[in-house]
Structure formats: C-alpha cells, structure tokens
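Read through the structure below, which is laid out as structure tokens, and then see the notes.
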Amino acid sequence: MSSSPPTIAIVAPGIMGAAVAHRFTKSGCTVLTPLAGRSRATVERAKAAGMQDASLPEIAQRAEWVLSILPPSSALALAESFSKAHRESAASTDKALTFVDCNAISPGTAKRVARVFDGSPVRFLDAGIVGGPPKDGYDPAFYASADPANADLLDAFVALGKFGLRVVPLRGEGAGIGDASALKMSYAGMTKGITGLVATMILAAHASSPATAQALMHELNDSARPILERITRSVPGMLPKAYRWVGEMEEISSFVREGLGDGEAHVYEGFAHLYARVEKALPEGEDVAVLKRFVEDAKDVMREGK
C-alpha cells in the first residue's frame with residue numbers, strides 16, 4: 001500500500017460510519033460515500049465528517065478500500081450492489097481494491113458476503129467493530145480476519161492505523177473468513193445480551209406488579225449493586241439503538257445455531273423480540289416508560305444508599 005493517504009469509501013454515513021470517516025479525513029484521506037436518496041440529517045453528517053458524495057460505480061473506479069458499516073440486514077445487499085457496480089464500471093483490474101465487511105453479522109453471513117466477490121478482482125476482508133464510534137481519546141477495535149491465502153491483506157489493513165483506524169488482526173490456528181465476525185458476535189452476545197436480559201426481567205417484574213419491580217430494584221441494590229449500576233448505564237443507551245439491535249440479535253442467534261444447535265439459539269431470538277418490542281414502544285410507550293422509571297428510581301436509591 002502506498003504511504004500517501006488512500007481513497008476510502010464508507011457505506012454508510014451513519015453515526016459509526018461518519019465518525020470513522022472523520023478520523024480518516026483528519027489524516028488527509030479522501031473518503032467517499034453514496035448520498036443519493038439519503039435524508040438531510042445523513043447528508044449533513046457526512047459533510048461534517050468531510051465525506052464526498054460518490055455513486056457506487058464512481059467508488060469502484062476511485063477507491064482502494066470499501067468499508068461496509070451498515071445494519072446487519074443490509075450487508076449482503078450492499079456487497080451484491082457493489083459487485084455489480086464494479087463489473088459495470090469498467091474499473092481497472094490492475095488497481096488494488098478491497099471490500100471490508102465491518103457489520104455485526106454471523107460467520108455464515110460473512111462467508112456469503114465473501115462469496116459475492118469470488119472470481120472478481122475485488123479482494124475481501126472480514127471485520128467486526130468492538131466498541132462505539134471513535135472520538136477524541138477513544139478508538140474502537142476493528143478486528144479483522146482473512147483467507148489464509150490473503151494474509152497480506154491483514155498487513156495492509158493494519159497499516160491504515162497511521163490514518164486513524166485501530167485494527168486488530170486475527171491470526172493463528174484456524175483463523176480465516178468469518179472469525180472476526182464470530183468474535184464480534186460473541187462480544188455483542190455477552191454485552192447486549194446482558195442488557196436484553198435485565199430489560200426483560202424489569203418488564204416482566206413490572207407486568208406482575210409495580211411493587212414487584214420496586215422490590216427487585218431494592219434487592220439488587222442490597223445484594224447485587226454492580227448489576228443495578230450496569231442497568232442505569234446500559235438501559236438508557238439501548239433505547240435509541242433497539243431498532244439496530246434486532247437484526248444483530250438475529251445474526252447472533254444464527255451464529256449460536258451454527259456452533260451449538262437450535263436450542264441454545266432461541267435465547268437470542270428472544271432478545272431480538274425484546275428489542276423489537278422496545279422499538280415499537282418508542283418514544284414514550286408503556287415499556288419505555290417502565291424502563292426509564294426503573295432507571296431513575298434506581299439512581300435515587302443508589303444515591304440514598306451511599
């Protein structure tokens with residue numbers, strides 16, 4: 001890879017994508033993204049990050065890297081659309097171009113995305129983002145894995161660190177396409193699964209009676225205070241993201257099913273249903289009100305107990 005700042009495409013300019021783009025543009029990189037048909041808020045976010053509007057065919061001709069950062073349900077469709085655009089754009093087959101799927105998808109889905117580029121000059125990397133959007137003093141980890149025959153791609157991706165991307169390559173026994181996604185699924189299954197678990201129990205306790213929910217909160221404060229503290233941090237942050245976490249839980253369910261079987265996978269199907277329920281209750285439906293009230297009451301109880 002050249003030492004000069006590369007041209008990178010990021011699809012799409014959501015909160016994560018735009019934050020990553022801002023890191024690159026601050027380091028002198030050109031960052032492209034398709035903005036046709038996007039909302040005014042999305043266009044403004046992209047422009048604030050220094051991103052330039054470009055169609056998929058333009059990206060195929062100009063970019064050295066394409067980072068797919070989307071809701072999980074859109075990952076395969078983007079890969080197919082980009083592959084088609086690349087074939088039809090008459091992009092030079094001599095130019096190195098790598099498509100990096102950075103989405104919260106199961107290893108099986110990651111392998112299906114990779115197969116889209118079979119027989120194409122476009123090379124593929126599997127990546128999983130652990131952490132929130134980058135900001136001053138904080139960098140999420142982009143775990144990345146590649147087909148063993150393309151180990152040089154990992155080195156090239158790691159080299160983007162000089163432009164602001166923290167890449168952690170997955171190497172070693174058995175590592176290949178799907179393993180970065182597997183790590184992301186495992187991590188999110190724990191962190192977002194815990195949030196789904198506590199939200200489920202808060203709602204179930206309240207459905208029995210408000211008194212039950214209050215008693216639960218006081219018992220957590222007395223005997224499991226770290227759990228109550230986590231609830232006050234994780235539940236409010238989950239609410240605006242619930243719509244995105246539905247698809248992620250479905251992908252985690254597929255990941256668990258691939259590795260352990262159907263029975264264990266039902267846990268995450270339940271969390272997908274829970275997050276869909278929360279999404280439907282936004283902005284101020286009963287379930288959301290119950291969760292918010294529990295969090296505020298918990299904060300008061302913890303302050304009184306200090």
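Residues are referred to by chain and number: the chain letter is A, B, ... according to the order shown in the structure tokens, the number counts from 1 in that chain, and ligands are numbered separately from 1 in the order shown.
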
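For region 127-305 of chain A, the set of residues given strand (DSSP E) by DSSP on the backbone reads Ala127, Gly128, Ile129, Val130, Ala141, Phe142, Tyr143, Ala144, Ser145, Val167, Val168 and Pro169 of chain A.
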
Emit the selected residues as a short mmCIF file (atom, residue, chain, number, x, y, z; two decimals), in the first residue's frame, including all heavy atoms.
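New file result_36.cif:
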```
data_model
loop_
_atom_site.label_atom_id
_atom_site.label_comp_id
_atom_site.auth_asym_id
_atom_site.auth_seq_id
_atom_site.Cartn_x
_atom_site.Cartn_y
_atom_site.Cartn_z
N ALA A 127 -14.42 -8.18 8.99
CA ALA A 127 -14.07 -7.34 10.15
C ALA A 127 -15.26 -7.23 11.08
O ALA A 127 -16.42 -7.35 10.67
CB ALA A 127 -13.60 -5.95 9.71
N GLY A 128 -14.97 -6.99 12.35
CA GLY A 128 -16.00 -6.77 13.34
C GLY A 128 -15.58 -5.63 14.26
O GLY A 128 -14.45 -5.60 14.74
N ILE A 129 -16.47 -4.67 14.45
CA ILE A 129 -16.15 -3.50 15.28
C ILE A 129 -16.59 -3.77 16.70
O ILE A 129 -17.76 -4.07 16.96
CB ILE A 129 -16.87 -2.23 14.75
CG1 ILE A 129 -16.55 -2.01 13.27
CG2 ILE A 129 -16.45 -1.01 15.58
CD1 ILE A 129 -17.38 -0.90 12.63
N VAL A 130 -15.65 -3.65 17.63
CA VAL A 130 -15.96 -3.78 19.05
C VAL A 130 -15.77 -2.41 19.69
O VAL A 130 -14.66 -1.89 19.74
CB VAL A 130 -15.08 -4.84 19.73
CG1 VAL A 130 -15.31 -4.83 21.24
CG2 VAL A 130 -15.38 -6.22 19.17
N ALA A 141 -12.07 -1.06 18.38
CA ALA A 141 -11.19 -2.03 17.74
C ALA A 141 -11.87 -2.61 16.51
O ALA A 141 -13.02 -3.07 16.59
CB ALA A 141 -10.84 -3.15 18.72
N PHE A 142 -11.18 -2.59 15.39
CA PHE A 142 -11.63 -3.26 14.17
C PHE A 142 -10.89 -4.60 14.09
O PHE A 142 -9.75 -4.67 13.62
CB PHE A 142 -11.33 -2.42 12.94
CG PHE A 142 -12.31 -1.31 12.67
CD1 PHE A 142 -12.39 -0.23 13.54
CD2 PHE A 142 -13.15 -1.34 11.58
CE1 PHE A 142 -13.28 0.81 13.31
CE2 PHE A 142 -14.05 -0.31 11.33
CZ PHE A 142 -14.12 0.77 12.20
N TYR A 143 -11.51 -5.66 14.60
CA TYR A 143 -10.92 -6.98 14.48
C TYR A 143 -11.09 -7.44 13.02
O TYR A 143 -12.15 -7.23 12.42
CB TYR A 143 -11.60 -7.97 15.43
CG TYR A 143 -11.15 -7.79 16.86
CD1 TYR A 143 -11.81 -6.90 17.71
CD2 TYR A 143 -10.06 -8.49 17.35
CE1 TYR A 143 -11.39 -6.71 19.02
CE2 TYR A 143 -9.64 -8.31 18.67
CZ TYR A 143 -10.30 -7.43 19.49
OH TYR A 143 -9.87 -7.25 20.77
N ALA A 144 -10.05 -8.03 12.48
CA ALA A 144 -10.09 -8.39 11.06
C ALA A 144 -9.49 -9.77 10.83
O ALA A 144 -8.51 -10.16 11.47
CB ALA A 144 -9.33 -7.36 10.23
N SER A 145 -10.09 -10.52 9.92
CA SER A 145 -9.58 -11.83 9.53
C SER A 145 -9.69 -11.98 8.02
O SER A 145 -10.53 -11.33 7.38
CB SER A 145 -10.34 -12.95 10.25
OG SER A 145 -11.73 -12.92 9.94
N VAL A 167 -6.77 -1.31 14.09
CA VAL A 167 -7.06 -2.63 13.54
C VAL A 167 -6.35 -3.69 14.38
O VAL A 167 -5.16 -3.56 14.68
CB VAL A 167 -6.62 -2.74 12.08
CG1 VAL A 167 -6.87 -4.16 11.54
CG2 VAL A 167 -7.34 -1.71 11.22
N VAL A 168 -7.08 -4.73 14.76
CA VAL A 168 -6.51 -5.86 15.49
C VAL A 168 -6.65 -7.09 14.60
O VAL A 168 -7.76 -7.60 14.41
CB VAL A 168 -7.24 -6.10 16.83
CG1 VAL A 168 -6.58 -7.25 17.58
CG2 VAL A 168 -7.25 -4.82 17.68
N PRO A 169 -5.56 -7.57 14.02
CA PRO A 169 -5.67 -8.73 13.12
C PRO A 169 -5.84 -10.02 13.90
O PRO A 169 -5.23 -10.23 14.94
CB PRO A 169 -4.32 -8.71 12.38
CG PRO A 169 -3.37 -8.06 13.34
CD PRO A 169 -4.18 -7.05 14.12
#
```

Using only C-alpha atoms, tabulate the residues of region 66-138 of chain A lying at most 12 Å from any atom of region 31-38 of chain A, each with its closest atom pair and that distance in Å to one decimal, by chain and increasing residue number, as a tab-separated table.
```
residue	atom	partner	partner_atom	distance
A:Val66	CA	A:Leu32	CA	9.0
A:Leu67	CA	A:Thr33	CA	9.9
A:Ser68	CA	A:Thr33	CA	10.3
A:Ile69	CA	A:Thr33	CA	11.1
A:Leu78	CA	A:Pro34	CA	11.5
A:Phe82	CA	A:Pro34	CA	11.2
```

Would you export the selected residues with C-alpha atoms as a compact mmCIF listing (two decimals), in the first residue's frame, please?
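Below is the file that was written, again.txt:
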```txt
# COMPACT_ATOMS: atom_id res chain seq x y z
CA VAL A 66 -14.56 -0.02 0.73
CA LEU A 67 -15.74 -0.31 4.33
CA SER A 68 -19.30 -1.61 4.72
CA ILE A 69 -20.73 -0.26 8.01
CA LEU A 78 -24.62 -3.82 -0.41
CA PHE A 82 -21.17 -3.01 -5.21
```

Determine, using only C-alpha atoms, which residues of region 54-142 of chain A have any atom at most 12 Å from an atom of region 259-275 of chain A, and tabulate each with its shortest atom pair and distance in Å to one decimal place, rows ordered by chain and then rising number, as CSV.
```
residue,atom,partner,partner_atom,distance
A:Ser106,CA,A:Gly259,CA,10.8
A:Pro107,CA,A:Gly259,CA,10.1
A:Gly108,CA,A:Gly259,CA,10.5
```

From A:Ala151, A:Val100, A:Leu165, A:Met302, residue lying nearest Pro226 (chain A) [only C-alpha atoms]: A:Met302

Distance in Å - CA of Glu284 (chain A) versus CA of Leu228 (chain A):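 Going from CA of Glu284 (chain A) over to CA of Leu228 (chain A), I get 22.4 Å.
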
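Nearest to Thr109 (chain A) of all the residues A:Val246, A:Ser254, A:Lys84, A:Trp65 is A:Ser254, based on only C-alpha atoms.
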
Residue nearest Leu183 (chain A) among A:Leu170, A:Ala149, A:Ala77, A:Ile8 (counting only C-alpha atoms):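 Smallest distance to Leu183 (chain A) is found for A:Leu170.
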
Filtered DSSP result for region 24-161 of chain A, state helix (DSSP H, G or I), as a PyMOL selection string: chain A and resi 24-26+40-48+56-62+72-88+107-115+148-161

Exercise: Ala46 (chain A) partners within 10 Å, only C-alpha atoms, chain neighbours under 2 positions left out, as an MDAnalysis selection string: chainID A and resid 12:15 17:19 21:22 31:35 40:44 48:53

Put those residues in a file: N, CA and C atoms, as an mmCIF file, in the first residue's frame.
```cif
data_model
loop_
_atom_site.group_PDB
_atom_site.id
_atom_site.type_symbol
_atom_site.label_atom_id
_atom_site.label_comp_id
_atom_site.auth_asym_id
_atom_site.auth_seq_id
_atom_site.Cartn_x
_atom_site.Cartn_y
_atom_site.Cartn_z
ATOM 1 N N ALA A 12 -22.414 2.980 5.312
ATOM 2 C CA ALA A 12 -22.988 4.282 5.026
ATOM 3 C C ALA A 12 -22.539 5.276 6.106
ATOM 4 N N PRO A 13 -22.913 6.571 5.911
ATOM 5 C CA PRO A 13 -22.521 7.585 6.876
ATOM 6 C C PRO A 13 -23.481 7.691 8.064
ATOM 7 N N GLY A 14 -23.678 6.558 8.740
ATOM 8 C CA GLY A 14 -24.411 6.597 9.995
ATOM 9 C C GLY A 14 -23.518 7.175 11.078
ATOM 10 N N ILE A 15 -23.914 7.019 12.323
ATOM 11 C CA ILE A 15 -23.123 7.591 13.415
ATOM 12 C C ILE A 15 -21.735 6.965 13.453
ATOM 13 N N GLY A 17 -20.210 5.124 10.927
ATOM 14 C CA GLY A 17 -19.518 5.341 9.665
ATOM 15 C C GLY A 17 -18.966 6.744 9.529
ATOM 16 N N ALA A 18 -19.755 7.740 9.924
ATOM 17 C CA ALA A 18 -19.296 9.127 9.818
ATOM 18 C C ALA A 18 -18.157 9.408 10.783
ATOM 19 N N ALA A 19 -18.214 8.826 11.969
ATOM 20 C CA ALA A 19 -17.134 9.036 12.943
ATOM 21 C C ALA A 19 -15.831 8.425 12.446
ATOM 22 N N ALA A 21 -15.116 7.954 9.279
ATOM 23 C CA ALA A 21 -14.722 8.800 8.154
ATOM 24 C C ALA A 21 -13.997 10.051 8.633
ATOM 25 N N HIS A 22 -14.484 10.630 9.721
ATOM 26 C CA HIS A 22 -13.863 11.853 10.242
ATOM 27 C C HIS A 22 -12.417 11.597 10.643
ATOM 28 N N VAL A 31 -12.486 10.410 1.530
ATOM 29 C CA VAL A 31 -13.494 9.428 1.926
ATOM 30 C C VAL A 31 -14.761 9.656 1.102
ATOM 31 N N LEU A 32 -15.181 8.620 0.403
ATOM 32 C CA LEU A 32 -16.350 8.673 -0.479
ATOM 33 C C LEU A 32 -17.527 7.947 0.157
ATOM 34 N N THR A 33 -18.737 8.390 -0.185
ATOM 35 C CA THR A 33 -19.944 7.687 0.260
ATOM 36 C C THR A 33 -21.101 8.057 -0.646
ATOM 37 N N PRO A 34 -22.007 7.125 -0.941
ATOM 38 C CA PRO A 34 -23.170 7.468 -1.765
ATOM 39 C C PRO A 34 -24.206 8.223 -0.922
ATOM 40 N N LEU A 35 -24.640 9.378 -1.393
ATOM 41 C CA LEU A 35 -25.611 10.179 -0.646
ATOM 42 C C LEU A 35 -26.939 10.335 -1.376
ATOM 43 N N ARG A 40 -31.730 14.509 4.899
ATOM 44 C CA ARG A 40 -30.948 15.727 5.103
ATOM 45 C C ARG A 40 -29.973 15.556 6.264
ATOM 46 N N ALA A 41 -30.429 14.904 7.346
ATOM 47 C CA ALA A 41 -29.561 14.703 8.507
ATOM 48 C C ALA A 41 -28.346 13.855 8.145
ATOM 49 N N THR A 42 -28.558 12.823 7.326
ATOM 50 C CA THR A 42 -27.444 11.972 6.915
ATOM 51 C C THR A 42 -26.463 12.735 6.047
ATOM 52 N N VAL A 43 -26.984 13.512 5.109
ATOM 53 C CA VAL A 43 -26.116 14.300 4.226
ATOM 54 C C VAL A 43 -25.295 15.296 5.045
ATOM 55 N N GLU A 44 -25.941 15.948 5.997
ATOM 56 C CA GLU A 44 -25.221 16.915 6.833
ATOM 57 C C GLU A 44 -24.159 16.228 7.678
ATOM 58 N N ALA A 48 -20.178 17.009 7.419
ATOM 59 C CA ALA A 48 -19.444 17.422 8.614
ATOM 60 C C ALA A 48 -18.216 16.556 8.848
ATOM 61 N N ALA A 49 -18.302 15.293 8.403
ATOM 62 C CA ALA A 49 -17.170 14.372 8.548
ATOM 63 C C ALA A 49 -16.162 14.507 7.413
ATOM 64 N N GLY A 50 -16.459 15.370 6.438
ATOM 65 C CA GLY A 50 -15.554 15.570 5.315
ATOM 66 C C GLY A 50 -15.714 14.558 4.200
ATOM 67 N N MET A 51 -16.835 13.822 4.200
ATOM 68 C CA MET A 51 -17.062 12.810 3.174
ATOM 69 C C MET A 51 -17.525 13.450 1.871
ATOM 70 N N GLN A 52 -17.185 12.811 0.753
ATOM 71 C CA GLN A 52 -17.580 13.298 -0.566
ATOM 72 C C GLN A 52 -18.613 12.353 -1.170
ATOM 73 N N ASP A 53 -19.617 12.931 -1.808
ATOM 74 C CA ASP A 53 -20.661 12.124 -2.446
ATOM 75 C C ASP A 53 -20.105 11.424 -3.678
#
```

Distance criterion (only C-alpha atoms): nearest to Tyr187 (chain A) out of A:Ala104, A:Ala281, A:Leu97, A:Ala110: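 Selected residue with least distance to Tyr187 (chain A): A:Ala104.
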
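Using only C-alpha atoms, the protein and nucleic acid residues lying no more than 9 Å from Tyr243 (chain A), apart from those fewer than 3 places from it along its own chain, are Leu239, Pro240, Val246, Gly247, Tyr275, Ala276, Val278, Glu279 and Lys280 of chain A.
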
Residue neighbourhood region 193-196 of chain A, 7 Å, only C-alpha atoms, exclusion window fewer than 3 positions, as a ChimeraX atom specification: /A:188-190,199-200,234-235,271,274

Within 10 Å of Lys135 (chain A) using only C-alpha atoms, minus same-chain residues under 3 positions, as a PyMOL selection string: chain A and resi 19-20+22-23+132+138-140

Save out the residues we just selected, all heavy atoms, as a PDB file, in the first residue's frame.
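Listing of part.pdb after writing:
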```pdb
ATOM      1  N   ALA A  19     -18.214   8.826  11.969  1.00  0.00           N
ATOM      2  CA  ALA A  19     -17.134   9.036  12.943  1.00  0.00           C
ATOM      3  C   ALA A  19     -15.831   8.425  12.446  1.00  0.00           C
ATOM      4  O   ALA A  19     -14.749   9.010  12.601  1.00  0.00           O
ATOM      5  CB  ALA A  19     -17.524   8.447  14.291  1.00  0.00           C
ATOM      6  N   VAL A  20     -15.912   7.234  11.851  1.00  0.00           N
ATOM      7  CA  VAL A  20     -14.716   6.614  11.269  1.00  0.00           C
ATOM      8  C   VAL A  20     -14.197   7.463  10.112  1.00  0.00           C
ATOM      9  O   VAL A  20     -12.990   7.694   9.974  1.00  0.00           O
ATOM     10  CB  VAL A  20     -15.036   5.180  10.808  1.00  0.00           C
ATOM     11  CG1 VAL A  20     -13.848   4.582  10.042  1.00  0.00           C
ATOM     12  CG2 VAL A  20     -15.390   4.301  12.003  1.00  0.00           C
ATOM     13  N   HIS A  22     -14.484  10.630   9.721  1.00  0.00           N
ATOM     14  CA  HIS A  22     -13.863  11.853  10.242  1.00  0.00           C
ATOM     15  C   HIS A  22     -12.417  11.597  10.643  1.00  0.00           C
ATOM     16  O   HIS A  22     -11.533  12.437  10.431  1.00  0.00           O
ATOM     17  CB  HIS A  22     -14.667  12.384  11.425  1.00  0.00           C
ATOM     18  CG  HIS A  22     -14.233  13.737  11.877  1.00  0.00           C
ATOM     19  ND1 HIS A  22     -13.856  14.007  13.171  1.00  0.00           N
ATOM     20  CD2 HIS A  22     -14.092  14.905  11.197  1.00  0.00           C
ATOM     21  CE1 HIS A  22     -13.504  15.278  13.273  1.00  0.00           C
ATOM     22  NE2 HIS A  22     -13.641  15.836  12.096  1.00  0.00           N
ATOM     23  N   ARG A  23     -12.157  10.421  11.229  1.00  0.00           N
ATOM     24  CA  ARG A  23     -10.786  10.055  11.568  1.00  0.00           C
ATOM     25  C   ARG A  23      -9.913  10.043  10.309  1.00  0.00           C
ATOM     26  O   ARG A  23      -8.792  10.548  10.298  1.00  0.00           O
ATOM     27  CB  ARG A  23     -10.751   8.682  12.226  1.00  0.00           C
ATOM     28  CG  ARG A  23     -11.058   8.683  13.696  1.00  0.00           C
ATOM     29  CD  ARG A  23      -9.944   9.429  14.474  1.00  0.00           C
ATOM     30  NE  ARG A  23     -10.293   9.604  15.858  1.00  0.00           N
ATOM     31  CZ  ARG A  23     -10.074   8.701  16.804  1.00  0.00           C
ATOM     32  NH1 ARG A  23      -9.525   7.547  16.483  1.00  0.00           N
ATOM     33  NH2 ARG A  23     -10.401   8.958  18.047  1.00  0.00           N
ATOM     34  N   GLY A 132     -17.773   1.681  20.575  1.00  0.00           N
ATOM     35  CA  GLY A 132     -18.608   2.720  19.997  1.00  0.00           C
ATOM     36  C   GLY A 132     -17.856   3.555  18.978  1.00  0.00           C
ATOM     37  O   GLY A 132     -16.703   3.270  18.640  1.00  0.00           O
ATOM     38  N   TYR A 138     -10.448   8.075  22.250  1.00  0.00           N
ATOM     39  CA  TYR A 138     -11.053   6.740  22.252  1.00  0.00           C
ATOM     40  C   TYR A 138     -11.081   6.169  20.837  1.00  0.00           C
ATOM     41  O   TYR A 138     -11.454   6.857  19.883  1.00  0.00           O
ATOM     42  CB  TYR A 138     -12.486   6.775  22.794  1.00  0.00           C
ATOM     43  CG  TYR A 138     -13.214   5.461  22.598  1.00  0.00           C
ATOM     44  CD1 TYR A 138     -12.932   4.363  23.400  1.00  0.00           C
ATOM     45  CD2 TYR A 138     -14.145   5.310  21.573  1.00  0.00           C
ATOM     46  CE1 TYR A 138     -13.565   3.143  23.199  1.00  0.00           C
ATOM     47  CE2 TYR A 138     -14.787   4.110  21.364  1.00  0.00           C
ATOM     48  CZ  TYR A 138     -14.488   3.028  22.181  1.00  0.00           C
ATOM     49  OH  TYR A 138     -15.112   1.826  21.962  1.00  0.00           O
ATOM     50  N   ASP A 139     -10.697   4.896  20.728  1.00  0.00           N
ATOM     51  CA  ASP A 139     -10.714   4.193  19.441  1.00  0.00           C
ATOM     52  C   ASP A 139     -11.360   2.830  19.605  1.00  0.00           C
ATOM     53  O   ASP A 139     -10.884   2.023  20.419  1.00  0.00           O
ATOM     54  CB  ASP A 139      -9.294   3.981  18.922  1.00  0.00           C
ATOM     55  CG  ASP A 139      -8.577   5.282  18.652  1.00  0.00           C
ATOM     56  OD1 ASP A 139      -8.927   5.952  17.673  1.00  0.00           O
ATOM     57  OD2 ASP A 139      -7.658   5.627  19.429  1.00  0.00           O
ATOM     58  N   PRO A 140     -12.414   2.523  18.860  1.00  0.00           N
ATOM     59  CA  PRO A 140     -12.924   1.146  18.862  1.00  0.00           C
ATOM     60  C   PRO A 140     -11.923   0.236  18.174  1.00  0.00           C
ATOM     61  O   PRO A 140     -11.024   0.705  17.461  1.00  0.00           O
ATOM     62  CB  PRO A 140     -14.222   1.266  18.054  1.00  0.00           C
ATOM     63  CG  PRO A 140     -13.966   2.403  17.109  1.00  0.00           C
ATOM     64  CD  PRO A 140     -13.113   3.380  17.890  1.00  0.00           C
TER      65      PRO A 140
END
```

Straight-line distance linking CA of Ala114 (chain A) with CA of Arg45 (chain A), stated in Å to one decimal: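 Spanning CA of Ala114 (chain A) to CA of Arg45 (chain A) is a straight-line distance of 29.2 Å.
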